[in-house]
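**Student:** File follows, target.txt with compact mmCIF, C-alpha atoms:
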```txt
# COMPACT_ATOMS: atom_id res chain seq x y z
CA MET A 184 -4.30 -103.94 -19.28
CA THR A 185 -6.13 -106.92 -20.79
CA SER A 186 -9.88 -107.38 -21.01
CA VAL A 187 -11.67 -107.74 -17.68
CA VAL A 188 -14.95 -109.48 -16.88
CA GLY A 189 -16.89 -106.45 -15.76
CA PRO A 190 -20.16 -104.56 -15.80
CA ASP A 191 -22.26 -103.48 -18.77
CA PHE A 192 -22.42 -99.95 -17.35
CA ILE A 193 -20.89 -97.83 -14.61
CA VAL A 194 -22.22 -94.78 -12.79
CA ILE A 195 -18.93 -92.85 -12.72
CA GLY A 196 -19.78 -89.72 -10.75
CA ALA A 197 -19.84 -87.28 -9.33
CA PRO A 198 -19.71 -87.73 -5.52
CA LYS A 199 -22.60 -86.05 -3.69
CA ALA A 200 -24.45 -85.56 -6.98
CA GLY A 201 -27.22 -88.13 -6.62
CA THR A 202 -25.32 -91.26 -7.63
CA THR A 203 -26.52 -93.17 -4.56
CA ALA A 204 -30.13 -92.27 -5.35
CA LEU A 205 -29.76 -93.33 -8.99
CA HIS A 206 -28.02 -96.55 -7.95
CA ALA A 207 -30.90 -97.35 -5.58
CA ALA A 208 -33.47 -96.63 -8.29
CA LEU A 209 -31.72 -98.89 -10.81
CA THR A 210 -31.54 -101.64 -8.20
CA GLN A 211 -35.35 -101.71 -8.29
CA HIS A 212 -35.41 -102.41 -12.03
CA PRO A 213 -36.01 -106.09 -12.89
CA GLU A 214 -33.58 -105.93 -15.82
CA VAL A 215 -30.69 -104.55 -13.77
CA ARG A 216 -28.30 -106.11 -11.27
CA MET A 217 -26.15 -103.64 -9.37
CA SER A 218 -22.94 -104.67 -7.65
CA ARG A 219 -22.47 -105.29 -3.98
CA PRO A 220 -20.60 -103.36 -2.73
CA LYS A 221 -21.98 -100.32 -4.47
CA GLU A 222 -18.56 -98.67 -4.87
CA PRO A 223 -15.86 -101.24 -5.65
CA LYS A 224 -13.40 -98.48 -6.64
CA TYR A 225 -11.45 -101.03 -8.70
CA TRP A 226 -10.63 -98.66 -11.57
CA LEU A 227 -9.03 -96.17 -9.17
CA CYS A 228 -6.29 -98.76 -8.67
CA ASP A 229 -3.98 -100.45 -11.15
CA ASP A 230 -4.15 -104.05 -9.92
CA ALA A 231 -2.24 -102.83 -6.87
CA PRO A 232 -3.30 -101.79 -3.36
CA PRO A 233 -4.74 -98.26 -3.07
CA PRO A 234 -2.45 -95.45 -1.97
CA ALA A 235 -1.76 -95.01 1.75
CA TYR A 236 -3.98 -91.94 2.11
CA ARG A 237 -3.46 -89.99 5.32
CA GLY A 238 -6.59 -87.88 5.84
CA PRO A 239 -9.00 -88.50 8.73
CA GLY A 240 -10.60 -91.92 8.25
CA ASP A 241 -8.79 -92.58 4.97
CA ALA A 242 -6.79 -95.60 6.13
CA HIS A 243 -9.98 -97.22 7.38
CA SER A 244 -11.90 -96.42 4.21
CA VAL A 245 -9.40 -97.89 1.75
CA GLN A 246 -9.88 -101.32 3.32
CA GLU A 247 -13.16 -101.49 1.40
CA TRP A 248 -11.57 -100.93 -2.02
CA LEU A 249 -11.53 -103.94 -4.33
CA TRP A 250 -8.15 -103.76 -6.06
CA ARG A 251 -7.63 -107.41 -7.00
CA ARG A 252 -8.95 -108.26 -10.44
CA GLU A 253 -10.44 -111.59 -9.36
CA ASP A 254 -12.45 -109.88 -6.60
CA TYR A 255 -13.84 -107.35 -9.06
CA GLU A 256 -14.62 -109.91 -11.73
CA ARG A 257 -16.46 -112.02 -9.17
CA LEU A 258 -19.04 -109.23 -8.85
CA PHE A 259 -20.10 -109.77 -12.48
CA ALA A 260 -19.27 -113.44 -13.00
CA ALA A 261 -22.87 -114.69 -13.21
CA PRO A 262 -24.68 -112.70 -15.93
CA SER A 263 -28.32 -113.42 -16.66
CA GLU A 264 -29.92 -113.15 -20.08
CA GLY A 265 -31.84 -109.91 -20.48
CA VAL A 266 -30.21 -108.35 -17.40
CA VAL A 267 -27.55 -105.64 -17.47
CA GLN A 268 -24.99 -105.41 -14.68
CA GLY A 269 -23.64 -102.21 -13.22
CA GLU A 270 -21.63 -100.61 -10.47
CA SER A 271 -21.40 -97.08 -9.08
CA THR A 272 -18.09 -95.54 -8.07
CA PRO A 273 -18.52 -91.76 -8.27
CA PHE A 274 -14.79 -91.02 -8.24
CA TYR A 275 -14.15 -92.51 -11.69
CA LEU A 276 -15.29 -89.31 -13.42
CA TRP A 277 -12.58 -87.33 -11.63
CA HIS A 278 -9.81 -89.94 -11.90
CA ARG A 279 -7.87 -89.60 -15.17
CA GLY A 280 -6.20 -93.00 -14.83
CA ALA A 281 -9.58 -94.67 -14.43
CA HIS A 282 -10.66 -93.25 -17.81
CA ARG A 283 -7.82 -94.99 -19.59
CA ARG A 284 -8.10 -98.27 -17.70
CA ILE A 285 -11.86 -98.52 -18.22
CA ALA A 286 -11.51 -97.76 -21.94
CA GLU A 287 -8.79 -100.36 -22.41
CA SER A 288 -10.41 -103.17 -20.43
CA LEU A 289 -14.13 -102.55 -20.99
CA PRO A 290 -14.35 -101.31 -24.59
CA ASP A 291 -18.15 -101.62 -24.77
CA VAL A 292 -19.12 -100.38 -21.32
CA LYS A 293 -21.61 -97.52 -21.00
CA LEU A 294 -20.90 -94.73 -18.55
CA ILE A 295 -23.30 -92.48 -16.65
CA ALA A 296 -22.07 -89.18 -15.24
CA VAL A 297 -24.37 -87.28 -12.88
CA VAL A 298 -23.40 -83.64 -12.51
CA ARG A 299 -24.56 -81.17 -9.88
CA ASP A 300 -23.97 -77.48 -9.28
CA PRO A 301 -20.30 -77.73 -8.24
CA ILE A 302 -20.65 -75.35 -5.29
CA ASP A 303 -23.69 -77.17 -3.92
CA ARG A 304 -21.81 -80.43 -4.49
CA ALA A 305 -18.75 -79.20 -2.60
CA TYR A 306 -20.89 -77.92 0.27
CA SER A 307 -22.69 -81.27 0.48
CA ASN A 308 -19.31 -83.04 0.37
CA TRP A 309 -18.08 -80.96 3.30
CA MET A 310 -21.37 -81.49 5.15
CA HIS A 311 -21.04 -85.27 4.74
CA LEU A 312 -17.56 -85.36 6.26
CA TRP A 313 -18.37 -82.77 8.93
CA SER A 314 -21.49 -84.65 10.03
CA ASP A 315 -19.52 -87.89 10.25
CA GLY A 316 -17.01 -86.22 12.57
CA LEU A 317 -14.14 -86.56 10.08
CA GLU A 318 -13.90 -82.95 8.84
CA PRO A 319 -12.21 -80.98 11.63
CA LEU A 320 -13.13 -77.52 10.29
CA ALA A 321 -16.56 -76.07 11.05
CA ASP A 322 -16.18 -73.42 8.34
CA PHE A 323 -16.86 -74.72 4.81
CA GLU A 324 -14.97 -72.00 2.97
CA GLN A 325 -11.93 -72.46 5.17
CA ALA A 326 -11.97 -76.21 4.49
CA PHE A 327 -12.47 -75.54 0.76
CA ALA A 328 -9.40 -73.30 0.71
CA LEU A 329 -7.23 -76.05 2.24
CA GLN A 330 -7.74 -78.55 -0.58
CA ASP A 331 -4.31 -78.20 -2.16
CA ARG A 332 -2.50 -78.46 1.16
CA ARG A 333 -4.50 -81.55 2.08
CA VAL A 334 -3.80 -83.18 -1.27
CA ALA A 335 -0.10 -82.50 -0.79
CA ASP A 336 -0.37 -84.13 2.63
CA GLY A 337 -1.83 -87.27 1.07
CA TRP A 338 -5.55 -86.96 1.84
CA ALA A 339 -7.92 -89.15 -0.18
CA PRO A 340 -9.99 -88.03 -3.23
CA PHE A 341 -13.17 -87.34 -1.22
CA TRP A 342 -11.45 -84.33 0.39
CA ARG A 343 -11.11 -82.58 -2.99
CA TYR A 344 -14.01 -80.21 -2.51
CA ARG A 345 -13.03 -78.15 -5.56
CA ASP A 346 -11.60 -80.62 -8.04
CA LEU A 347 -14.39 -83.21 -7.83
CA GLY A 348 -16.76 -80.60 -9.28
CA ARG A 349 -14.77 -79.65 -12.36
CA TYR A 350 -16.79 -81.79 -14.73
CA GLY A 351 -15.93 -79.95 -17.94
CA ALA A 352 -12.25 -80.90 -17.81
CA GLN A 353 -13.14 -84.37 -16.57
CA LEU A 354 -15.52 -85.13 -19.44
CA ALA A 355 -13.18 -83.61 -22.02
CA HIS A 356 -10.47 -86.01 -20.84
CA LEU A 357 -12.88 -88.97 -20.71
CA HIS A 358 -13.95 -88.35 -24.31
CA ARG A 359 -10.33 -88.83 -25.40
CA TYR A 360 -10.71 -92.47 -24.42
CA VAL A 361 -14.43 -93.25 -24.62
CA ASP A 362 -16.82 -92.48 -27.45
CA PRO A 363 -19.16 -89.72 -26.21
CA GLY A 364 -22.04 -91.83 -27.53
CA ARG A 365 -21.36 -94.26 -24.70
CA VAL A 366 -21.46 -91.53 -22.04
CA LEU A 367 -24.74 -90.25 -20.60
CA VAL A 368 -24.55 -86.93 -18.76
CA LEU A 369 -27.47 -86.60 -16.36
CA ARG A 370 -28.22 -83.53 -14.29
CA TYR A 371 -28.81 -83.81 -10.57
CA ARG A 372 -31.76 -81.47 -10.84
CA THR A 373 -33.47 -83.95 -13.17
CA ILE A 374 -33.06 -86.70 -10.59
CA VAL A 375 -34.67 -84.45 -7.97
CA ASP A 376 -37.31 -82.70 -10.05
CA GLU A 377 -38.26 -85.37 -12.60
CA PRO A 378 -37.26 -88.71 -11.08
CA ALA A 379 -39.31 -90.95 -13.38
CA ALA A 380 -37.99 -89.12 -16.45
CA ALA A 381 -34.42 -89.42 -15.15
CA VAL A 382 -34.75 -93.17 -14.68
CA ASP A 383 -36.45 -93.64 -18.05
CA ARG A 384 -33.72 -91.67 -19.83
CA THR A 385 -31.15 -93.88 -18.13
CA CYS A 386 -33.06 -97.03 -19.12
CA ARG A 387 -33.23 -96.00 -22.77
CA PHE A 388 -29.50 -95.29 -22.70
CA LEU A 389 -28.87 -98.78 -21.28
CA GLY A 390 -31.24 -100.45 -23.73
CA ILE A 391 -33.64 -101.76 -21.09
CA THR A 392 -37.37 -101.26 -20.60
CA PRO A 393 -38.38 -97.77 -19.43
CA GLY A 394 -41.43 -97.07 -17.29
CA LEU A 395 -40.79 -99.78 -14.68
CA VAL A 396 -39.33 -97.52 -11.97
CA GLY A 397 -41.37 -94.45 -11.15
CA SER A 398 -39.39 -92.89 -8.32
CA ILE A 399 -35.89 -92.38 -6.99
CA PRO A 400 -35.16 -92.93 -3.29
CA ARG A 401 -33.70 -89.95 -1.44
CA ASP A 402 -29.93 -89.71 -1.60
CA ASN A 403 -27.56 -90.16 1.31
CA SER A 404 -27.79 -86.59 2.60
CA HIS A 405 -26.34 -86.20 6.07
CA PRO A 406 -27.98 -84.17 8.85
CA PHE A 407 -26.48 -80.85 9.84
CA VAL A 408 -24.25 -80.89 12.91
CA GLN A 409 -24.42 -77.59 14.74
CA PRO A 410 -20.94 -76.24 15.60
CA GLY A 411 -20.46 -76.37 19.36
CA TRP A 412 -19.43 -78.75 22.10
CA ARG A 413 -20.56 -81.91 20.32
CA PRO A 414 -18.15 -81.73 17.34
CA ARG A 415 -15.43 -80.28 19.58
CA VAL A 416 -15.65 -83.23 21.97
CA LEU A 417 -16.90 -86.08 19.78
CA GLY A 418 -15.15 -85.19 16.51
CA PRO A 419 -11.66 -86.04 17.81
CA VAL A 420 -13.06 -89.30 19.21
CA VAL A 421 -14.43 -90.24 15.79
CA ARG A 422 -11.19 -89.34 14.03
CA ALA A 423 -9.08 -91.27 16.53
CA GLY A 424 -11.41 -94.26 16.29
CA ALA A 425 -11.27 -94.18 12.49
CA ALA A 426 -7.47 -94.21 12.66
CA LEU A 427 -7.57 -97.28 14.90
CA GLY A 428 -10.28 -98.78 12.68
CA GLN A 429 -7.72 -99.48 9.98
CA PHE A 430 -6.53 -102.41 12.10
CA ALA A 431 -9.94 -104.09 12.18
CA PRO A 432 -12.45 -105.17 9.53
CA PRO A 433 -14.45 -102.17 8.21
CA THR A 434 -17.71 -103.48 9.67
CA VAL A 435 -16.25 -103.41 13.17
CA TRP A 436 -15.52 -99.68 13.15
CA ARG A 437 -18.79 -98.86 11.41
CA ARG A 438 -20.76 -100.57 14.17
CA ALA A 439 -18.64 -99.05 16.91
CA SER A 440 -18.82 -95.52 15.48
CA ALA A 441 -22.58 -95.44 14.83
CA PRO A 442 -23.65 -94.39 18.35
CA ILE A 443 -20.89 -91.76 18.53
CA ILE A 444 -21.82 -90.25 15.19
CA SER A 445 -25.52 -90.22 16.14
CA GLN A 446 -24.58 -88.21 19.22
CA LEU A 447 -23.00 -85.57 17.02
CA THR A 448 -26.41 -84.46 15.77
CA GLY A 449 -28.15 -84.72 19.12
CA SER A 450 -31.73 -85.83 19.57
CA ALA A 451 -33.13 -83.22 17.18
CA ALA A 452 -30.81 -82.25 14.35
CA PRO A 453 -31.28 -78.62 13.22
CA HIS A 454 -32.26 -77.91 9.63
CA ARG A 455 -29.30 -77.80 7.26
CA PRO A 456 -28.54 -74.13 6.49
CA LEU A 457 -28.23 -73.01 2.91
CA LEU A 458 -24.88 -71.69 1.79
CA ALA A 459 -24.97 -67.89 1.97
CA PRO A 460 -25.14 -65.97 -1.34
CA GLU A 461 -21.94 -64.11 -0.42
CA ALA A 462 -20.12 -67.42 -0.01
CA ARG A 463 -21.33 -68.66 -3.38
CA GLU A 464 -20.22 -65.40 -4.99
CA ARG A 465 -16.71 -65.91 -3.60
CA LEU A 466 -16.59 -69.52 -4.83
CA ILE A 467 -18.00 -69.07 -8.36
CA PRO A 468 -14.63 -67.98 -9.84
CA HIS A 469 -13.23 -71.40 -8.93
CA PHE A 470 -15.68 -73.04 -11.34
CA ALA A 471 -16.75 -70.46 -13.94
CA GLU A 472 -14.20 -71.47 -16.58
CA ASP A 473 -14.91 -75.16 -16.13
CA ILE A 474 -18.67 -74.56 -16.35
CA ALA A 475 -18.10 -72.92 -19.73
CA GLN A 476 -16.03 -75.92 -20.81
CA LEU A 477 -18.78 -78.28 -19.66
CA SER A 478 -21.24 -76.42 -21.89
CA GLU A 479 -18.88 -76.84 -24.83
CA VAL A 480 -18.38 -80.54 -24.18
CA THR A 481 -22.06 -81.40 -23.67
CA GLY A 482 -23.84 -78.80 -25.80
CA GLU A 483 -26.02 -77.92 -22.79
CA ARG A 484 -26.16 -74.70 -20.80
CA PHE A 485 -25.27 -74.58 -17.13
CA ASP A 486 -25.57 -70.83 -16.54
CA ASP A 487 -27.80 -71.43 -13.51
CA TRP A 488 -24.71 -72.67 -11.66
CA LEU A 489 -23.30 -69.14 -11.83
CA SER A 490 -26.13 -67.90 -9.63
CA THR A 491 -25.54 -66.85 -6.03
CA ALA A 492 -28.64 -68.79 -4.94
CA SER A 493 -28.00 -72.07 -3.12
CA ARG A 494 -30.42 -74.88 -3.97
CA GLY A 495 -30.07 -76.96 -0.82
CA SER A 496 -30.01 -80.66 -0.10
CA PHE A 497 -31.94 -83.42 -1.84
CA SER A 498 -34.74 -83.32 0.73
CA GLN A 499 -34.93 -79.52 0.68
CA ARG A 500 -35.13 -79.42 -3.10
CA THR A 501 -37.71 -82.19 -3.13
CA GLN A 502 -39.91 -80.25 -0.70
CA VAL A 503 -39.70 -77.14 -2.87
CA THR A 504 -40.49 -79.12 -6.00
CA ARG A 505 -43.52 -80.76 -4.44
CA SER A 506 -44.86 -77.46 -3.13
CA CYS A 507 -44.46 -75.78 -6.53
CA ALA A 508 -45.59 -78.58 -8.86
CA PRO A 509 -49.24 -78.52 -9.97
CA SER A 510 -51.23 -81.76 -9.75
CA GLY A 511 -48.29 -83.56 -8.17
CA ARG A 512 -46.00 -83.09 -11.17
CA ALA A 513 -42.44 -81.90 -10.67
CA ASP A 514 -41.19 -79.05 -12.82
CA SER A 515 -37.53 -78.57 -13.71
CA THR A 516 -35.76 -75.53 -12.32
```
Have the structure of the file written as structure tokens, please.

**Tutor:**
Amino acid sequence: MTSVVGPDFIVIGAPKAGTTALHAALTQHPEVRMSRPKEPKYWLCDDAPPPAYRGPGDAHSVQEWLWRREDYERLFAAPSEGVVQGESTPFYLWHRGAHRRIAESLPDVKLIAVVRDPIDRAYSNWMHLWSDGLEPLADFEQAFALQDRRVADGWAPFWRYRDLGRYGAQLAHLHRYVDPGRVLVLRYRTIVDEPAAAVDRTCRFLGITPGLVGSIPRDNSHPFVQPGWRPRVLGPVVRAGAALGQFAPPTVWRRASAPIISQLTGSAAPHRPLLAPEARERLIPHFAEDIAQLSEVTGERFDDWLSTASRGSFSQRTQVTRSCAPSGRADST
């Protein structure tokens, strides 16, 4: 692949790890211009249409992928002096082909990988799809166990509850193509607990002025949908509508589905439950080896991810941080 007119930096992952919050924070910086759309997904393709994924809502979703080079280049065609341009597609970290294509076509690009406790990330991933009416299974562990079958059936990357959280192997592969000095690994907990520090670290990595953005907006956490009649009745409606939505522009289905999805939560959405310690204990073996590899690749320790304690959503963690921090300062956990 030849050189492409592209961004100066890319937030490459991981999904449900705070990339939306970091993207929103960087958008506030006067020396940064972030792409619209936020997730072009161009490097997941190879100058060809995306695969015909067959999971719930997948055919509708892929309509939003920018796979033509000219469409992607148009996002970054008007650079301004003193301004860096970026995009955020959190699936690039997982996608091995994207590593090679980015390295070949954007040899100077800087990459930002945000990593989160892989079990909390997977649970949030499931919660996102469940709350949108797309995930048909009300039991997270049961849905987690079906990943390989779903992949074999052609479901899209967002359904990979396990594999999207194996950052050690992902970064080891990425470093085969990209100099580790051009890759910033940022922890989700830093975004939550020390937002100003997280943004400033990112700014220094990008070579722009730190200290101009003091907060990070909350991420795109979804409300909890209580299992019961609502998902049983409305979930199939959402999934059928998403299947039909592939035949209309993406904005049409998004507008049409909004009132249905809002009905899923009801007038007062219950508080999102934490994942039970027993569930985490059963899931840790899926990630323990990769967590060790991540420590080797980054030189940092991630032993806290081997705990059976769930840390909760962005808003739940923020509330805990605020209640525990003296004089309004947030302490890392």

**Student:** In the coordinates of the file, take the point (-20.5, -84.2, 7.0) and a cut-off of 12 Å; then, counting all atoms listed in the file, name each qualifying protein, DNA or RNA residue as a PyMOL selection string.

**Tutor:** chain A and resi 199+305-323+326+341-342+403-410+414+418+444+447-448+455

**Student:** Wanna dump the range 446-494 of chain A-range 344-367 of chain A contacts at 10 Å for me, each residue with its shortest atom pair and the distance in Å to one decimal, counting all atoms listed in the file, ordered by chain and number, as CSV?

**Tutor:**
```
residue,atom,partner,partner_atom,distance
A:Leu466,CA,A:Arg345,CA,9.4
A:His469,CA,A:Arg345,CA,7.5
A:Phe470,CA,A:Arg349,CA,6.7
A:Ala471,CA,A:Arg349,CA,9.5
A:Glu472,CA,A:Gly351,CA,8.8
A:Asp473,CA,A:Gly351,CA,5.2
A:Ile474,CA,A:Gly351,CA,6.3
A:Ala475,CA,A:Gly351,CA,7.6
A:Gln476,CA,A:Gly351,CA,4.9
A:Leu477,CA,A:Gly351,CA,3.7
A:Ser478,CA,A:Gly351,CA,7.5
A:Glu479,CA,A:Gly351,CA,8.1
A:Val480,CA,A:Ala355,CA,6.4
A:Thr481,CA,A:Gly351,CA,8.5
```

**Student:** Could you tell me which of A:Arg463, A:Arg370, A:Arg384, A:Lys293 comes closest to Leu489 in chain A if we count only C-alpha atoms?

**Tutor:**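 Checking each of A:Arg463, A:Arg370, A:Arg384, A:Lys293 against Leu489 in chain A, counting only C-alpha atoms, the winner is A:Arg463.
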
**Student:** Got a sec: who's within 8 Å of Val215 in chain A, counting only C-alpha atoms, leaving out chain neighbours fewer than 4 positions off, as a list in words?

**Tutor:**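 What passes the distance filter is Leu209, Thr210, Gln211, Val266, Val267, Gln268 and Gly269 of chain A.
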
**Student:** Keeping only C-alpha atoms, take the residues you just selected and write them out as a PDB file, in the coordinates of the input.

**Tutor:**
```
ATOM      1  CA  LEU A 209     -31.720 -98.890 -10.810  1.00  0.00           C
ATOM      2  CA  THR A 210     -31.540-101.640  -8.200  1.00  0.00           C
ATOM      3  CA  GLN A 211     -35.350-101.710  -8.290  1.00  0.00           C
ATOM      4  CA  VAL A 266     -30.210-108.350 -17.400  1.00  0.00           C
ATOM      5  CA  VAL A 267     -27.550-105.640 -17.470  1.00  0.00           C
ATOM      6  CA  GLN A 268     -24.990-105.410 -14.680  1.00  0.00           C
ATOM      7  CA  GLY A 269     -23.640-102.210 -13.220  1.00  0.00           C
TER       8      GLY A 269
END
```

**Student:** For a test of reading the model, state the distance in Å between CA of Phe192 in chain A and CA of Pro378 in chain A, rounded to one decimal.

**Tutor:**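 Distance reported for this atom pair: 19.6 Å.
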
**Student:** Please determine, counting only C-alpha atoms, which residue among A:Val368, A:Val298, A:Arg387, A:Ser244 has the shortest atom-to-atom distance to Gly482 in chain A.

**Tutor:**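 For Gly482 in chain A, the nearest of the given residues is A:Val368.
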
**Student:** What is the CA of Asp191 in chain A-CA of Glu483 in chain A distance in Å, reported with one decimal?

**Tutor:**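 Taking CA of Asp191 in chain A and CA of Glu483 in chain A, their separation equals 26.1 Å.
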
**Student:** Between A:Gly428, A:Gly189, A:Pro456, A:Pro340, which one has atoms that come closest to His243 in chain A, using only C-alpha atoms?

**Tutor:**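 Checking each of A:Gly428, A:Gly189, A:Pro456, A:Pro340 against His243 in chain A, counting only C-alpha atoms, the winner is A:Gly428.
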
**Student:** Could you add the missing atoms to range 264-276 of chain A, up to N, CA and C atoms, and return them as an mmCIF file, keeping the file's coordinate frame?

**Tutor:**
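Listing of part08.cif after writing:
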```cif
data_model
loop_
_atom_site.group_PDB
_atom_site.id
_atom_site.type_symbol
_atom_site.label_atom_id
_atom_site.label_comp_id
_atom_site.auth_asym_id
_atom_site.auth_seq_id
_atom_site.Cartn_x
_atom_site.Cartn_y
_atom_site.Cartn_z
ATOM 1 N N GLU A 264 -29.422 -113.629 -18.793
ATOM 2 C CA GLU A 264 -29.920 -113.150 -20.080
ATOM 3 C C GLU A 264 -30.992 -112.086 -19.859
ATOM 4 N N GLY A 265 -30.872 -110.991 -20.583
ATOM 5 C CA GLY A 265 -31.840 -109.910 -20.480
ATOM 6 C C GLY A 265 -31.614 -108.989 -19.297
ATOM 7 N N VAL A 266 -30.513 -109.186 -18.568
ATOM 8 C CA VAL A 266 -30.210 -108.350 -17.400
ATOM 9 C C VAL A 266 -28.858 -107.673 -17.615
ATOM 10 N N VAL A 267 -28.815 -106.366 -17.382
ATOM 11 C CA VAL A 267 -27.550 -105.640 -17.470
ATOM 12 C C VAL A 267 -26.993 -105.471 -16.062
ATOM 13 N N GLN A 268 -25.659 -105.523 -15.967
ATOM 14 C CA GLN A 268 -24.990 -105.410 -14.680
ATOM 15 C C GLN A 268 -24.255 -104.086 -14.575
ATOM 16 N N GLY A 269 -24.285 -103.509 -13.391
ATOM 17 C CA GLY A 269 -23.640 -102.210 -13.220
ATOM 18 C C GLY A 269 -23.030 -102.037 -11.857
ATOM 19 N N GLU A 270 -22.191 -101.024 -11.752
ATOM 20 C CA GLU A 270 -21.630 -100.610 -10.470
ATOM 21 C C GLU A 270 -21.596 -99.089 -10.436
ATOM 22 N N SER A 271 -21.403 -98.532 -9.244
ATOM 23 C CA SER A 271 -21.400 -97.080 -9.080
ATOM 24 C C SER A 271 -20.231 -96.658 -8.202
ATOM 25 N N THR A 272 -19.209 -96.120 -8.817
ATOM 26 C CA THR A 272 -18.090 -95.540 -8.070
ATOM 27 C C THR A 272 -17.942 -94.097 -8.540
ATOM 28 N N PRO A 273 -18.436 -93.135 -7.770
ATOM 29 C CA PRO A 273 -18.520 -91.760 -8.270
ATOM 30 C C PRO A 273 -17.196 -91.030 -8.428
ATOM 31 N N PHE A 274 -16.084 -91.670 -8.069
ATOM 32 C CA PHE A 274 -14.790 -91.020 -8.240
ATOM 33 C C PHE A 274 -14.167 -91.292 -9.606
ATOM 34 N N TYR A 275 -14.726 -92.200 -10.381
ATOM 35 C CA TYR A 275 -14.150 -92.510 -11.690
ATOM 36 C C TYR A 275 -14.175 -91.296 -12.618
ATOM 37 N N LEU A 276 -15.204 -90.476 -12.540
ATOM 38 C CA LEU A 276 -15.290 -89.310 -13.420
ATOM 39 C C LEU A 276 -14.102 -88.382 -13.198
#
```
